[in-house]
Amino acid sequence: NDADYGITGFTVYSTFDNLLVRSADEAAIYVAGWSNKYDNSEFSYNKTGLSLASPSHQNMISHCHGVNNDEFGFKIVGSYAVVLTNCQIETNKAAGVFLGSRTRGISIQGCYFEGNATVGYTFTNPVNHFVKSDIITTGGAQTSYISKSYPCSVGISDCFVHGLGEGQGKSLIFANGCEQLSIDNVVVRTSV
């Protein structure tokens, strides 16, 4: 409890399995690296749940729960070829998933979203822009910036979104600057 990070560092070919990380001041897991697997774990009541930092690629995140975090359940920045599959992404205050700068080839499959963006997120550059969305993509070099380059090649498929209509102006995805966005077979329940 109350450490900056539950786990942090740079690692390759590692497996993080059957973990419960709570109450980290910054992130439950803040890791860079490639060919890592995150499975059957819960990241809850942190500032951010699982945060992949640059450089990260070819990572698999499956059967994980990013719930009740102050910002994001999953934050992916400077990464490519990341698969987020069969995860529960629920009641994260800023957004469920944040895809940041230099992120490409991201696949979100078979995930369950509910009650995210209760507070929302404010970008500060180029102008203040308030967003309430389950998934946020932005091309900025910094988390709070919006630009028109990356992320690109984002695919969202076979997901279920419960309660999208709870907040005024809330959306499934805020995709400013996102190129090659694909959404397929996503069920959105607009009322609770």
# chains A, B, ... in the order shown; residues from 1 in each chain; ligands from 1
$ residues_around --residues "Leu20 of chain A" --least-positions-apart "2" --cutoff "9 Å" --atoms "only C-alpha atoms" --output "PyMOL selection string"
chain A and resi 18+22+28+41-44
$ write_last_selection --atoms "all heavy atoms" --output "PDB file, in the first residue's frame"
ATOM      1  N   ASN A  18      -1.436 -13.985 -11.853  1.00  0.00           N
ATOM      2  CA  ASN A  18      -2.111 -14.140 -10.556  1.00  0.00           C
ATOM      3  C   ASN A  18      -1.662 -13.107  -9.525  1.00  0.00           C
ATOM      4  O   ASN A  18      -1.322 -13.440  -8.396  1.00  0.00           O
ATOM      5  CB  ASN A  18      -1.897 -15.561 -10.007  1.00  0.00           C
ATOM      6  CG  ASN A  18      -2.573 -16.585 -10.880  1.00  0.00           C
ATOM      7  OD1 ASN A  18      -3.727 -16.431 -11.264  1.00  0.00           O
ATOM      8  ND2 ASN A  18      -1.847 -17.636 -11.222  1.00  0.00           N
ATOM      9  N   ARG A  22      -2.801  -3.209  -5.298  1.00  0.00           N
ATOM     10  CA  ARG A  22      -3.719  -2.145  -4.887  1.00  0.00           C
ATOM     11  C   ARG A  22      -2.959  -1.004  -4.217  1.00  0.00           C
ATOM     12  O   ARG A  22      -1.909  -1.195  -3.614  1.00  0.00           O
ATOM     13  CB  ARG A  22      -4.745  -2.678  -3.882  1.00  0.00           C
ATOM     14  CG  ARG A  22      -5.751  -3.599  -4.479  1.00  0.00           C
ATOM     15  CD  ARG A  22      -6.814  -3.926  -3.475  1.00  0.00           C
ATOM     16  NE  ARG A  22      -7.900  -4.621  -4.159  1.00  0.00           N
ATOM     17  CZ  ARG A  22      -8.959  -5.078  -3.555  1.00  0.00           C
ATOM     18  NH1 ARG A  22      -9.105  -4.924  -2.266  1.00  0.00           N
ATOM     19  NH2 ARG A  22      -9.906  -5.691  -4.241  1.00  0.00           N
ATOM     20  N   ALA A  28      -0.024   0.451 -10.538  1.00  0.00           N
ATOM     21  CA  ALA A  28       0.159  -0.896  -9.994  1.00  0.00           C
ATOM     22  C   ALA A  28       1.400  -1.532 -10.623  1.00  0.00           C
ATOM     23  O   ALA A  28       2.268  -2.048  -9.929  1.00  0.00           O
ATOM     24  CB  ALA A  28      -1.075  -1.744 -10.272  1.00  0.00           C
ATOM     25  N   SER A  41      -4.795 -11.139 -13.464  1.00  0.00           N
ATOM     26  CA  SER A  41      -4.371 -10.264 -12.370  1.00  0.00           C
ATOM     27  C   SER A  41      -5.342  -9.109 -12.200  1.00  0.00           C
ATOM     28  O   SER A  41      -6.084  -8.774 -13.117  1.00  0.00           O
ATOM     29  CB  SER A  41      -2.967  -9.724 -12.642  1.00  0.00           C
ATOM     30  OG  SER A  41      -2.028 -10.783 -12.643  1.00  0.00           O
ATOM     31  N   GLU A  42      -5.328  -8.510 -11.020  1.00  0.00           N
ATOM     32  CA  GLU A  42      -6.193  -7.368 -10.728  1.00  0.00           C
ATOM     33  C   GLU A  42      -5.352  -6.182 -10.310  1.00  0.00           C
ATOM     34  O   GLU A  42      -4.461  -6.287  -9.458  1.00  0.00           O
ATOM     35  CB  GLU A  42      -7.183  -7.693  -9.604  1.00  0.00           C
ATOM     36  CG  GLU A  42      -8.083  -6.518  -9.269  1.00  0.00           C
ATOM     37  CD  GLU A  42      -9.057  -6.811  -8.147  1.00  0.00           C
ATOM     38  OE1 GLU A  42      -9.604  -7.937  -8.115  1.00  0.00           O
ATOM     39  OE2 GLU A  42      -9.266  -5.912  -7.314  1.00  0.00           O
ATOM     40  N   PHE A  43      -5.667  -5.025 -10.923  1.00  0.00           N
ATOM     41  CA  PHE A  43      -5.015  -3.755 -10.606  1.00  0.00           C
ATOM     42  C   PHE A  43      -6.128  -2.789 -10.204  1.00  0.00           C
ATOM     43  O   PHE A  43      -6.851  -2.298 -11.068  1.00  0.00           O
ATOM     44  CB  PHE A  43      -4.241  -3.232 -11.816  1.00  0.00           C
ATOM     45  CG  PHE A  43      -3.446  -4.308 -12.526  1.00  0.00           C
ATOM     46  CD1 PHE A  43      -3.797  -4.725 -13.798  1.00  0.00           C
ATOM     47  CD2 PHE A  43      -2.378  -4.919 -11.894  1.00  0.00           C
ATOM     48  CE1 PHE A  43      -3.078  -5.710 -14.446  1.00  0.00           C
ATOM     49  CE2 PHE A  43      -1.656  -5.921 -12.534  1.00  0.00           C
ATOM     50  CZ  PHE A  43      -2.008  -6.317 -13.810  1.00  0.00           C
ATOM     51  N   SER A  44      -6.275  -2.548  -8.909  1.00  0.00           N
ATOM     52  CA  SER A  44      -7.418  -1.753  -8.455  1.00  0.00           C
ATOM     53  C   SER A  44      -7.005  -0.772  -7.356  1.00  0.00           C
ATOM     54  O   SER A  44      -6.059  -1.010  -6.607  1.00  0.00           O
ATOM     55  CB  SER A  44      -8.529  -2.671  -7.944  1.00  0.00           C
ATOM     56  OG  SER A  44      -8.068  -3.514  -6.921  1.00  0.00           O
TER      57      SER A  44
END
$ select_by_dssp --residues "segment 64-191 of chain A" --states "strand (DSSP E)" --output "ChimeraX atom specification"
/A:65-67,72-76,79-85,88-90,95-99,104-109,112-114,121-123,129-131,133-137,152-157,160-162,171-174,179-184,187-189
$ residues_around --residues "Asn46 of chain A" --least-positions-apart "6" --cutoff "6 Å" --atoms "only C-alpha atoms" --output "number ranges by chain"
A: 22-24, 27, 69
$ residues_around --residues "Gln88 of chain A" --least-positions-apart "5" --cutoff "10 Å" --atoms "only C-alpha atoms" --output "ChimeraX atom specification"
/A:42,62-67,73,96,110-114,160
$ write_last_selection --atoms "C-alpha atoms" --output "mmCIF file, in the first residue's frame"
data_model
loop_
_atom_site.group_PDB
_atom_site.id
_atom_site.type_symbol
_atom_site.label_atom_id
_atom_site.label_comp_id
_atom_site.auth_asym_id
_atom_site.auth_seq_id
_atom_site.Cartn_x
_atom_site.Cartn_y
_atom_site.Cartn_z
ATOM 1 C CA GLU A 42 -6.193 -7.368 -10.728
ATOM 2 C CA SER A 62 -5.286 -11.220 -20.822
ATOM 3 C CA HIS A 63 -7.920 -11.947 -18.184
ATOM 4 C CA CYS A 64 -6.876 -8.910 -16.135
ATOM 5 C CA HIS A 65 -9.051 -6.515 -14.160
ATOM 6 C CA GLY A 66 -8.346 -2.782 -14.257
ATOM 7 C CA VAL A 67 -10.981 -1.484 -11.842
ATOM 8 C CA GLY A 73 -7.324 0.931 -15.867
ATOM 9 C CA GLY A 96 -10.829 2.677 -19.005
ATOM 10 C CA GLY A 110 -13.435 -9.502 -25.840
ATOM 11 C CA CYS A 111 -13.255 -6.930 -23.039
ATOM 12 C CA TYR A 112 -16.028 -5.772 -20.696
ATOM 13 C CA PHE A 113 -16.378 -2.028 -20.018
ATOM 14 C CA GLU A 114 -18.624 -0.507 -17.359
ATOM 15 C CA PHE A 160 -19.401 -5.426 -24.373
#
$ closest_atom_pairs --of "segment 67-148 of chain A" --to "segment 36-40 of chain A" --cutoff "12 Å" --atoms "only C-alpha atoms" --output "tab-separated table"
residue	atom	partner	partner_atom	distance
A:Phe74	CA	A:Tyr38	CA	11.7
A:Ala81	CA	A:Asn36	CA	11.4
A:Val82	CA	A:Asn36	CA	9.8
A:Val83	CA	A:Lys37	CA	9.8
A:Leu84	CA	A:Tyr38	CA	9.4
A:Thr85	CA	A:Asp39	CA	9.7
A:Asn86	CA	A:Asn40	CA	9.8
A:Cys87	CA	A:Asn40	CA	8.8
A:Gln88	CA	A:Asn40	CA	10.5
$ closest_residue --among "A:Gly78, A:Gly163, A:Pro55, A:Gly49" --to "Thr11 of chain A" --atoms "only C-alpha atoms"
A:Pro55
$ residues_around --residues "Phe98 of chain A" --least-positions-apart "5" --cutoff "10 Å" --atoms "only C-alpha atoms" --output "list in words"
Ser51, Glu71, Phe72, Gly73, Phe74, Lys75, Ile76, Val77, Ser133, Asp134, Ile135, Ile136, Thr137, Thr138, Thr143, Ile173 and Phe174 of chain A
